[in-house]
Amino acid sequence: MSSVTLPKPKTVNPLANPKAVKNLCELCQKPAFTQCSSCKATYYCGIEHQRIDWVGIHKKICDDIKILRRTSLPFLSSEEERLKRKAQKIERH
């Protein structure tokens, strides 16, 4: 029986993530403990699911995800925030 040495996955530090955000595995939706070390946007429950996803699709989209994460587009999650931003713009003019 031969032993296979796997690269050490990037461990997700829960304190580095926003409060109440639960990172789930991209494939099985179980709690995630590793993330893609390149795009830092996709999470996995283990190295096996990371490998499966890499072969399946992630290899093709990882670079695109990195570009999207570097682009600083404002994200306003609620109608209240959008109205507040609009009012701030009006006040400046």
# chains A, B, ... in the order shown; residues from 1 in each chain; ligands from 1
call {"tool": "residues_around", "arguments": {"residues": "stretch 38-41 of chain A", "least_positions_apart": "6", "cutoff": "9 Å", "atoms": "only C-alpha atoms", "output": "list in words"}}
result
Cys62, Asp63, Asp64, Ile65, Lys66, Ile67 and Arg69 of chain A
call {"tool": "residues_around", "arguments": {"residues": "A:Ala32", "least_positions_apart": "2", "cutoff": "6 Å", "atoms": "only C-alpha atoms", "output": "PDB file with C-alpha atoms, in the first residue's frame"}}
result
ATOM      1  CA  ASN A  23     -18.420  28.792   3.657  1.00  0.00           C
ATOM      2  CA  LEU A  24     -19.822  25.681   2.052  1.00  0.00           C
ATOM      3  CA  CYS A  25     -18.216  23.165  -0.255  1.00  0.00           C
ATOM      4  CA  THR A  34     -10.176  24.699   2.242  1.00  0.00           C
ATOM      5  CA  TYR A  43     -14.451  26.666  -0.986  1.00  0.00           C
ATOM      6  CA  TYR A  44     -14.296  22.904  -0.492  1.00  0.00           C
ATOM      7  CA  CYS A  45     -14.832  20.390   2.298  1.00  0.00           C
TER       8      CYS A  45
END
call {"tool": "closest_residue", "arguments": {"among": "A:Arg82, A:His49, A:Arg92, A:Lys60", "to": "A:Gln29", "atoms": "only C-alpha atoms"}}
result
A:His49
call {"tool": "atom_distance", "arguments": {"atom1": "atom CA of A:Trp54", "atom2": "atom CA of A:Arg70"}}
result
21.1 Å
call {"tool": "atom_distance", "arguments": {"atom1": "atom CA of A:Thr42", "atom2": "atom CA of A:His58"}}
result
8.7 Å
call {"tool": "closest_residue", "arguments": {"among": "A:Ile47, A:Val55, A:Ile61, A:Val21", "to": "A:Phe33", "atoms": "only C-alpha atoms"}}
result
A:Ile47
call {"tool": "closest_residue", "arguments": {"among": "A:Lys22, A:Thr71, A:Leu27, A:Glu79", "to": "A:Gly56", "atoms": "only C-alpha atoms"}}
result
A:Leu27
call {"tool": "atom_distance", "arguments": {"atom1": "atom CA of A:Glu81", "atom2": "atom CA of A:Glu26"}}
result
29.4 Å
call {"tool": "select_by_dssp", "arguments": {"residues": "stretch 18-90 of chain A", "states": "strand (DSSP E)", "output": "short mmCIF file (atom, residue, chain, number, x, y, z; two decimals) with N, CA, C and O atoms, in the first residue's frame"}}
result
data_model
loop_
_atom_site.label_atom_id
_atom_site.label_comp_id
_atom_site.auth_asym_id
_atom_site.auth_seq_id
_atom_site.Cartn_x
_atom_site.Cartn_y
_atom_site.Cartn_z
N THR A 34 -11.24 24.29 3.15
CA THR A 34 -10.18 24.70 2.24
C THR A 34 -10.77 25.63 1.19
O THR A 34 -11.98 25.62 0.95
N GLN A 35 -9.91 26.42 0.58
CA GLN A 35 -10.36 27.28 -0.50
C GLN A 35 -9.33 27.27 -1.61
O GLN A 35 -8.17 26.94 -1.38
N TYR A 43 -14.77 27.43 -2.19
CA TYR A 43 -14.45 26.67 -0.99
C TYR A 43 -14.81 25.20 -1.16
O TYR A 43 -15.72 24.85 -1.91
N TYR A 44 -14.10 24.35 -0.40
CA TYR A 44 -14.30 22.90 -0.49
C TYR A 44 -14.21 22.26 0.89
O TYR A 44 -13.51 22.76 1.77
#
